[in-house]
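Next comes coords_14.cif, with mmCIF, C-alpha atoms and all ligand atoms.
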```cif
data_work
#
loop_
_atom_site.group_PDB
_atom_site.id
_atom_site.type_symbol
_atom_site.label_atom_id
_atom_site.label_comp_id
_atom_site.auth_asym_id
_atom_site.auth_seq_id
_atom_site.Cartn_x
_atom_site.Cartn_y
_atom_site.Cartn_z
ATOM 1 C CA MET A 291 100.552 111.302 108.174
ATOM 2 C CA THR A 292 100.244 112.612 111.697
ATOM 3 C CA GLY A 293 100.731 110.325 114.603
ATOM 4 C CA GLY A 294 97.011 110.559 115.205
ATOM 5 C CA PRO A 295 95.269 110.505 118.505
ATOM 6 C CA VAL A 296 96.518 107.724 120.674
ATOM 7 C CA ALA A 297 93.652 106.269 122.633
ATOM 8 C CA SER A 298 94.138 106.686 126.321
ATOM 9 C CA VAL A 299 93.474 103.740 128.551
ATOM 10 C CA SER A 300 89.978 103.995 129.864
ATOM 11 C CA THR A 301 87.823 101.660 131.840
ATOM 12 C CA GLU A 302 84.650 103.437 130.752
ATOM 13 C CA PRO A 303 82.827 101.475 128.065
ATOM 14 C CA ALA A 304 81.178 104.708 126.861
ATOM 15 C CA ALA A 305 84.543 105.904 125.603
ATOM 16 C CA ALA A 306 84.835 103.156 123.002
ATOM 17 C CA PRO A 307 82.637 104.600 120.198
ATOM 18 C CA ASP A 308 84.376 107.987 120.393
ATOM 19 C CA ARG A 309 87.722 106.308 120.233
ATOM 20 C CA LEU A 310 86.642 104.306 117.197
ATOM 21 C CA ALA A 311 85.283 107.377 115.436
ATOM 22 C CA ALA A 312 88.486 109.270 116.123
ATOM 23 C CA ALA A 313 90.577 106.402 114.798
ATOM 24 C CA ARG A 314 88.408 105.996 111.685
ATOM 25 C CA GLY A 315 88.828 109.612 110.601
ATOM 26 C CA ASP A 316 92.565 109.126 110.479
ATOM 27 C CA CYS A 317 92.698 105.568 109.171
ATOM 28 C CA PRO A 318 94.016 104.774 105.684
ATOM 29 C CA LEU A 319 92.365 101.330 105.663
ATOM 30 C CA CYS A 320 88.935 102.890 106.343
ATOM 31 C CA GLY A 321 89.383 105.143 103.333
ATOM 32 C CA ALA A 322 89.485 104.175 99.679
ATOM 33 C CA ASP A 323 92.327 101.881 98.638
ATOM 34 C CA ASP A 324 95.210 103.552 96.841
ATOM 35 C CA HIS A 325 95.205 101.723 93.535
ATOM 36 C CA LYS A 326 98.841 102.473 92.935
ATOM 37 C CA ALA A 327 99.722 100.749 96.210
ATOM 38 C CA VAL A 328 97.349 97.780 96.114
ATOM 39 C CA HIS A 329 95.374 95.753 93.610
ATOM 40 C CA LEU A 330 91.926 94.580 94.756
ATOM 41 C CA VAL A 331 91.683 90.793 94.381
ATOM 42 C CA ALA A 332 88.401 89.953 96.118
ATOM 43 C CA ARG A 333 85.921 91.625 98.379
ATOM 44 C CA SER A 334 83.034 90.543 100.570
ATOM 45 C CA ARG A 335 80.854 92.529 102.941
ATOM 46 C CA ASP A 336 83.230 91.796 105.825
ATOM 47 C CA TRP A 337 86.712 91.653 104.307
ATOM 48 C CA ARG A 338 88.759 92.371 101.237
ATOM 49 C CA VAL A 339 91.927 90.860 99.811
ATOM 50 C CA VAL A 340 94.441 93.048 98.018
ATOM 51 C CA ARG A 341 97.825 92.366 96.451
ATOM 52 C CA VAL A 342 100.497 94.768 97.642
ATOM 53 C CA LEU A 343 102.116 96.610 94.717
ATOM 54 C CA ASP A 344 104.488 98.939 96.518
ATOM 55 C CA ASN A 345 106.984 96.458 97.931
ATOM 56 C CA PRO A 346 109.228 95.497 94.998
ATOM 57 C CA ASP A 347 111.410 93.330 97.251
ATOM 58 C CA HIS A 348 108.422 91.120 98.000
ATOM 59 C CA PRO A 349 105.974 91.078 95.096
ATOM 60 C CA ALA A 350 104.191 87.886 96.225
ATOM 61 C CA PHE A 351 102.469 89.773 99.010
ATOM 62 C CA TRP A 352 98.739 89.857 99.760
ATOM 63 C CA ARG A 353 96.820 91.532 102.544
ATOM 64 C CA VAL A 354 93.505 90.456 104.061
ATOM 65 C CA ILE A 355 91.751 93.481 105.530
ATOM 66 C CA TRP A 356 88.734 93.481 107.814
ATOM 67 C CA ASN A 357 86.466 96.162 106.322
ATOM 68 C CA ASP A 358 85.145 97.613 109.568
ATOM 69 C CA HIS A 359 87.449 99.526 111.806
ATOM 70 C CA ALA A 360 88.622 97.106 114.484
ATOM 71 C CA ALA A 361 92.076 97.099 116.010
ATOM 72 C CA GLU A 362 92.486 93.680 117.560
ATOM 73 C CA MET A 363 91.336 90.126 116.796
ATOM 74 C CA THR A 364 89.440 90.116 120.097
ATOM 75 C CA ASP A 365 87.437 93.158 118.969
ATOM 76 C CA LEU A 366 85.678 90.769 116.563
ATOM 77 C CA GLU A 367 82.907 88.344 117.424
ATOM 78 C CA PRO A 368 84.066 84.719 117.363
ATOM 79 C CA HIS A 369 82.277 84.002 114.062
ATOM 80 C CA GLN A 370 83.881 87.086 112.501
ATOM 81 C CA ARG A 371 87.322 86.041 113.708
ATOM 82 C CA SER A 372 86.743 82.634 112.249
ATOM 83 C CA ALA A 373 85.649 84.082 108.887
ATOM 84 C CA LEU A 374 88.730 86.301 108.788
ATOM 85 C CA MET A 375 91.117 83.447 109.568
ATOM 86 C CA GLN A 376 89.389 81.180 107.038
ATOM 87 C CA THR A 377 90.048 83.858 104.438
ATOM 88 C CA VAL A 378 93.693 84.210 105.473
ATOM 89 C CA CYS A 379 94.126 80.423 105.295
ATOM 90 C CA LYS A 380 92.510 80.197 101.864
ATOM 91 C CA VAL A 381 94.880 82.856 100.548
ATOM 92 C CA GLU A 382 97.817 81.001 102.109
ATOM 93 C CA ALA A 383 96.696 77.701 100.575
ATOM 94 C CA VAL A 384 96.472 79.182 97.073
ATOM 95 C CA VAL A 385 99.849 80.914 97.425
ATOM 96 C CA ARG A 386 101.444 77.616 98.480
ATOM 97 C CA ARG A 387 99.807 75.690 95.675
ATOM 98 C CA GLU A 388 100.540 78.208 92.918
ATOM 99 C CA LEU A 389 103.982 79.508 93.911
ATOM 100 C CA GLN A 390 105.451 76.774 96.109
ATOM 101 C CA PRO A 391 107.436 79.222 98.236
ATOM 102 C CA PHE A 392 109.959 78.057 100.811
ATOM 103 C CA LYS A 393 107.718 79.554 103.523
ATOM 104 C CA VAL A 394 104.587 81.654 103.891
ATOM 105 C CA ASN A 395 104.713 84.428 106.471
ATOM 106 C CA LEU A 396 101.477 85.461 108.137
ATOM 107 C CA ALA A 397 101.632 88.634 110.166
ATOM 108 C CA SER A 398 99.186 90.890 111.926
ATOM 109 C CA LEU A 399 100.943 93.853 113.498
ATOM 110 C CA GLY A 400 98.898 97.017 113.127
ATOM 111 C CA ASN A 401 101.377 99.152 115.033
ATOM 112 C CA VAL A 402 101.368 101.818 112.327
ATOM 113 C CA VAL A 403 97.807 101.334 111.090
ATOM 114 C CA PRO A 404 95.696 99.987 113.967
ATOM 115 C CA HIS A 405 93.034 98.555 111.665
ATOM 116 C CA LEU A 406 92.877 94.782 111.599
ATOM 117 C CA HIS A 407 94.709 93.301 108.613
ATOM 118 C CA TRP A 408 96.791 90.193 107.943
ATOM 119 C CA HIS A 409 99.821 90.081 105.686
ATOM 120 C CA VAL A 410 100.334 86.914 103.641
ATOM 121 C CA VAL A 411 103.825 86.923 102.138
ATOM 122 C CA ALA A 412 105.544 84.194 100.124
ATOM 123 C CA ARG A 413 109.179 83.816 101.171
ATOM 124 C CA TRP A 414 112.234 82.303 99.538
ATOM 125 C CA GLN A 415 115.615 81.605 101.085
ATOM 126 C CA ASP A 416 117.327 83.998 98.678
ATOM 127 C CA ASP A 417 114.808 86.828 98.973
ATOM 128 C CA PRO A 418 116.176 90.205 100.149
ATOM 129 C CA HIS A 419 115.358 89.724 103.839
ATOM 130 C CA PHE A 420 115.256 85.962 104.494
ATOM 131 C CA PRO A 421 115.404 84.713 107.248
ATOM 132 C CA GLN A 422 114.449 88.086 108.725
ATOM 133 C CA PRO A 423 110.861 89.327 108.528
ATOM 134 C CA ILE A 424 110.292 91.405 105.393
ATOM 135 C CA TRP A 425 110.496 94.511 107.599
ATOM 136 C CA GLY A 426 113.774 93.364 109.163
ATOM 137 C CA THR A 427 117.380 94.041 108.254
ATOM 138 C CA ARG A 428 118.145 93.572 104.586
ATOM 139 C CA GLN A 429 120.309 90.495 104.069
ATOM 140 C CA ARG A 430 121.256 90.742 100.405
ATOM 141 C CA ASP A 431 120.818 92.922 97.333
ATOM 142 C CA GLY A 432 119.249 92.222 93.995
ATOM 143 C CA VAL A 433 115.946 90.595 93.264
ATOM 144 C CA PRO A 434 116.391 86.834 92.801
ATOM 145 C CA ALA A 435 115.605 85.516 89.342
ATOM 146 C CA HIS A 436 112.617 83.520 90.506
ATOM 147 C CA LEU A 437 111.037 86.660 91.959
ATOM 148 C CA MET A 438 111.287 88.455 88.623
ATOM 149 C CA ARG A 439 109.703 85.531 86.823
ATOM 150 C CA LEU A 440 107.054 85.505 89.517
ATOM 151 C CA GLU A 441 105.712 88.971 88.718
ATOM 152 C CA VAL A 442 104.391 87.722 85.404
ATOM 153 C CA GLY A 443 102.382 85.037 87.155
ATOM 154 C CA LEU A 444 100.921 87.119 89.959
ATOM 155 C CA PRO A 445 97.662 88.050 88.172
ATOM 156 C CA HIS A 446 97.137 84.309 87.710
ATOM 157 C CA VAL A 447 97.558 83.802 91.469
ATOM 158 C CA ASP A 448 95.071 86.649 92.057
ATOM 159 C CA ARG A 449 92.500 84.854 89.919
ATOM 160 C CA ALA A 450 93.129 81.580 91.764
ATOM 161 C CA ILE A 451 92.641 83.365 95.111
ATOM 162 C CA GLN A 452 89.447 84.910 93.803
ATOM 163 C CA ALA A 453 88.145 81.517 92.686
ATOM 164 C CA GLU A 454 89.032 79.925 96.044
ATOM 165 C CA LEU A 455 87.305 82.663 98.038
ATOM 166 C CA MET A 456 84.177 82.670 95.937
ATOM 167 C CA SER A 457 83.700 78.891 96.158
ATOM 168 C CA ARG A 458 82.052 77.720 99.328
HETATM 169 ZN ZN ZN B 1 90.200 101.833 109.884
#
```

The structure in this file should be written as structure tokens.
Amino acid sequence: MTGGPVASVSTEPAAAPDRLAAARGDCPLCGADDHKAVHLVARSRDWRVVRVLDNPDHPAFWRVIWNDHAAEMTDLEPHQRSALMQTVCKVEAVVRRELQPFKVNLASLGNVVPHLHWHVVARWQDDPHFPQPIWGTRQRDGVPAHLMRLEVGLPHVDRAIQAELMSR
């Protein structure tokens, strides 16, 4: 992937649509999901929830993605922000209930892909990076036994997330 055009700072409102269009053309989250990398759990008009498949160190890892190309939380209208955070919190609640992790990490970075998305990651004290963020320095090798057992149950958690998001 190229570095892509970095938007220059502009005070002209007219520049915004061009900047968005430029970003969209180069944005992996605006394109089709790579089904080897993520599994689609639930989707609405505004957002989608996927389980991340390409991080074997942290298999209990979901991502809530805003469908439209927006970079920052404050690019959304207040009601959209609220809907997005409600979705993130519902995913967190199901992950806590079903997996009882030591901690849930929520993260919205977007430094590499500046398209609004939240990571929801279940953490255990003996996971490969704890207490660092999952992108931090590795602390230990080997996948803990509970994480291997976990993989079997992840489709069940997906279905529970789906049920939670579809109930109003
Ligand atoms: Zn995008």

Using only C-alpha atoms, give me every residue within 9 Å of (91.4, 78.3, 95.2) in file coordinates, as an MDAnalysis selection string.
chainID A and resid 380:381 383:384 387 449:457

Save out the residues we just selected, C-alpha atoms, as a compact mmCIF listing (two decimals), in the frame of the given file.
```txt
# COMPACT_ATOMS: atom_id res chain seq x y z
CA LYS A 380 92.51 80.20 101.86
CA VAL A 381 94.88 82.86 100.55
CA ALA A 383 96.70 77.70 100.58
CA VAL A 384 96.47 79.18 97.07
CA ARG A 387 99.81 75.69 95.68
CA ARG A 449 92.50 84.85 89.92
CA ALA A 450 93.13 81.58 91.76
CA ILE A 451 92.64 83.36 95.11
CA GLN A 452 89.45 84.91 93.80
CA ALA A 453 88.14 81.52 92.69
CA GLU A 454 89.03 79.92 96.04
CA LEU A 455 87.30 82.66 98.04
CA MET A 456 84.18 82.67 95.94
CA SER A 457 83.70 78.89 96.16
```

Evaluate the PyMOL selection byres (((chain A and resi 424) around 12) and not hetatm) here and jot the selected residues down as a ChimeraX atom specification.
/A:345-351,394-397,409-415,417-423,425-429

Neighbour list for stretch 361-366 of chain A as a compact mmCIF listing (two decimals) with C-alpha atoms, keeping the file's coordinate frame, cut-off 8 Å, only C-alpha atoms, skip fewer than 3 positions in-chain:
```
# COMPACT_ATOMS: atom_id res chain seq x y z
CA HIS A 369 82.28 84.00 114.06
CA GLN A 370 83.88 87.09 112.50
CA ARG A 371 87.32 86.04 113.71
CA GLY A 400 98.90 97.02 113.13
CA PRO A 404 95.70 99.99 113.97
CA HIS A 405 93.03 98.56 111.66
CA LEU A 406 92.88 94.78 111.60
```

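Here atom CA of A:His359 stands at a distance of 10.5 Å from atom CA of A:Val403.
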
Go through chain A and flag each residue having an atom no more than 12 Å from ligand ZN 1 (chain B); for those, report the closest pair of atoms plus their distance in Å to one decimal, using all atoms listed in the file, ordered by chain and rising number, as JSON lines.
```
{"residue": "A:Arg309", "atom": "CA", "partner": "B:ZN1", "partner_atom": "ZN", "distance": 11.5}
{"residue": "A:Leu310", "atom": "CA", "partner": "B:ZN1", "partner_atom": "ZN", "distance": 8.5}
{"residue": "A:Ala311", "atom": "CA", "partner": "B:ZN1", "partner_atom": "ZN", "distance": 9.3}
{"residue": "A:Ala312", "atom": "CA", "partner": "B:ZN1", "partner_atom": "ZN", "distance": 9.9}
{"residue": "A:Ala313", "atom": "CA", "partner": "B:ZN1", "partner_atom": "ZN", "distance": 6.7}
{"residue": "A:Arg314", "atom": "CA", "partner": "B:ZN1", "partner_atom": "ZN", "distance": 4.9}
{"residue": "A:Gly315", "atom": "CA", "partner": "B:ZN1", "partner_atom": "ZN", "distance": 7.9}
{"residue": "A:Asp316", "atom": "CA", "partner": "B:ZN1", "partner_atom": "ZN", "distance": 7.7}
{"residue": "A:Cys317", "atom": "CA", "partner": "B:ZN1", "partner_atom": "ZN", "distance": 4.5}
{"residue": "A:Pro318", "atom": "CA", "partner": "B:ZN1", "partner_atom": "ZN", "distance": 6.4}
{"residue": "A:Leu319", "atom": "CA", "partner": "B:ZN1", "partner_atom": "ZN", "distance": 4.8}
{"residue": "A:Cys320", "atom": "CA", "partner": "B:ZN1", "partner_atom": "ZN", "distance": 3.9}
{"residue": "A:Gly321", "atom": "CA", "partner": "B:ZN1", "partner_atom": "ZN", "distance": 7.4}
{"residue": "A:Ala322", "atom": "CA", "partner": "B:ZN1", "partner_atom": "ZN", "distance": 10.5}
{"residue": "A:Asp323", "atom": "CA", "partner": "B:ZN1", "partner_atom": "ZN", "distance": 11.4}
{"residue": "A:Ile355", "atom": "CA", "partner": "B:ZN1", "partner_atom": "ZN", "distance": 9.5}
{"residue": "A:Trp356", "atom": "CA", "partner": "B:ZN1", "partner_atom": "ZN", "distance": 8.7}
{"residue": "A:Asn357", "atom": "CA", "partner": "B:ZN1", "partner_atom": "ZN", "distance": 7.7}
{"residue": "A:Asp358", "atom": "CA", "partner": "B:ZN1", "partner_atom": "ZN", "distance": 6.6}
{"residue": "A:His359", "atom": "CA", "partner": "B:ZN1", "partner_atom": "ZN", "distance": 4.1}
{"residue": "A:Ala360", "atom": "CA", "partner": "B:ZN1", "partner_atom": "ZN", "distance": 6.8}
{"residue": "A:Ala361", "atom": "CA", "partner": "B:ZN1", "partner_atom": "ZN", "distance": 8.0}
{"residue": "A:Glu362", "atom": "CA", "partner": "B:ZN1", "partner_atom": "ZN", "distance": 11.4}
{"residue": "A:Gly400", "atom": "CA", "partner": "B:ZN1", "partner_atom": "ZN", "distance": 10.5}
{"residue": "A:Val402", "atom": "CA", "partner": "B:ZN1", "partner_atom": "ZN", "distance": 11.4}
{"residue": "A:Val403", "atom": "CA", "partner": "B:ZN1", "partner_atom": "ZN", "distance": 7.7}
{"residue": "A:Pro404", "atom": "CA", "partner": "B:ZN1", "partner_atom": "ZN", "distance": 7.1}
{"residue": "A:His405", "atom": "CA", "partner": "B:ZN1", "partner_atom": "ZN", "distance": 4.7}
{"residue": "A:Leu406", "atom": "CA", "partner": "B:ZN1", "partner_atom": "ZN", "distance": 7.7}
{"residue": "A:His407", "atom": "CA", "partner": "B:ZN1", "partner_atom": "ZN", "distance": 9.7}
```

With C-alpha atoms retained, write the just-selected residues as a PDB file, in the frame of the given file.
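Heads up, here's the output in out_8.pdb:
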```
ATOM      1  CA  ARG A 309      87.722 106.308 120.233  1.00  0.00           C
ATOM      2  CA  LEU A 310      86.642 104.306 117.197  1.00  0.00           C
ATOM      3  CA  ALA A 311      85.283 107.377 115.436  1.00  0.00           C
ATOM      4  CA  ALA A 312      88.486 109.270 116.123  1.00  0.00           C
ATOM      5  CA  ALA A 313      90.577 106.402 114.798  1.00  0.00           C
ATOM      6  CA  ARG A 314      88.408 105.996 111.685  1.00  0.00           C
ATOM      7  CA  GLY A 315      88.828 109.612 110.601  1.00  0.00           C
ATOM      8  CA  ASP A 316      92.565 109.126 110.479  1.00  0.00           C
ATOM      9  CA  CYS A 317      92.698 105.568 109.171  1.00  0.00           C
ATOM     10  CA  PRO A 318      94.016 104.774 105.684  1.00  0.00           C
ATOM     11  CA  LEU A 319      92.365 101.330 105.663  1.00  0.00           C
ATOM     12  CA  CYS A 320      88.935 102.890 106.343  1.00  0.00           C
ATOM     13  CA  GLY A 321      89.383 105.143 103.333  1.00  0.00           C
ATOM     14  CA  ALA A 322      89.485 104.175  99.679  1.00  0.00           C
ATOM     15  CA  ASP A 323      92.327 101.881  98.638  1.00  0.00           C
ATOM     16  CA  ILE A 355      91.751  93.481 105.530  1.00  0.00           C
ATOM     17  CA  TRP A 356      88.734  93.481 107.814  1.00  0.00           C
ATOM     18  CA  ASN A 357      86.466  96.162 106.322  1.00  0.00           C
ATOM     19  CA  ASP A 358      85.145  97.613 109.568  1.00  0.00           C
ATOM     20  CA  HIS A 359      87.449  99.526 111.806  1.00  0.00           C
ATOM     21  CA  ALA A 360      88.622  97.106 114.484  1.00  0.00           C
ATOM     22  CA  ALA A 361      92.076  97.099 116.010  1.00  0.00           C
ATOM     23  CA  GLU A 362      92.486  93.680 117.560  1.00  0.00           C
ATOM     24  CA  GLY A 400      98.898  97.017 113.127  1.00  0.00           C
ATOM     25  CA  VAL A 402     101.368 101.818 112.327  1.00  0.00           C
ATOM     26  CA  VAL A 403      97.807 101.334 111.090  1.00  0.00           C
ATOM     27  CA  PRO A 404      95.696  99.987 113.967  1.00  0.00           C
ATOM     28  CA  HIS A 405      93.034  98.555 111.665  1.00  0.00           C
ATOM     29  CA  LEU A 406      92.877  94.782 111.599  1.00  0.00           C
ATOM     30  CA  HIS A 407      94.709  93.301 108.613  1.00  0.00           C
TER      31      HIS A 407
END
```

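Here atom CA of A:Asn401 is placed at a distance of 16.1 Å from atom CA of A:Val354.
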
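Straight-line separation from atom CA of A:Leu389 to atom CA of A:Gly432: 19.9 Å.
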
Mind telling me what the PyMOL selection byres (((chain A and resi 329) around 7) and not hetatm) catches here, as an NGL selection string?
:A and (325 or 328 or 330-331 or 340-343)

Write the residues of the preceding selection, restricted to C-alpha atoms, as a PDB file, in the frame of the given file.
```pdb
ATOM      1  CA  HIS A 325      95.205 101.723  93.535  1.00  0.00           C
ATOM      2  CA  VAL A 328      97.349  97.780  96.114  1.00  0.00           C
ATOM      3  CA  LEU A 330      91.926  94.580  94.756  1.00  0.00           C
ATOM      4  CA  VAL A 331      91.683  90.793  94.381  1.00  0.00           C
ATOM      5  CA  VAL A 340      94.441  93.048  98.018  1.00  0.00           C
ATOM      6  CA  ARG A 341      97.825  92.366  96.451  1.00  0.00           C
ATOM      7  CA  VAL A 342     100.497  94.768  97.642  1.00  0.00           C
ATOM      8  CA  LEU A 343     102.116  96.610  94.717  1.00  0.00           C
TER       9      LEU A 343
END
```

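With distances restricted to only C-alpha atoms, A:Val378 is the closest residue to A:Ser398 from A:Val378, A:Leu437, A:Val385, A:Val339.
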
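Remark: for A:Asp324, the closest of the candidate residues A:Asp336, A:Pro368, A:Asp431, A:Asp344 is A:Asp344 (distances computed over only C-alpha atoms).
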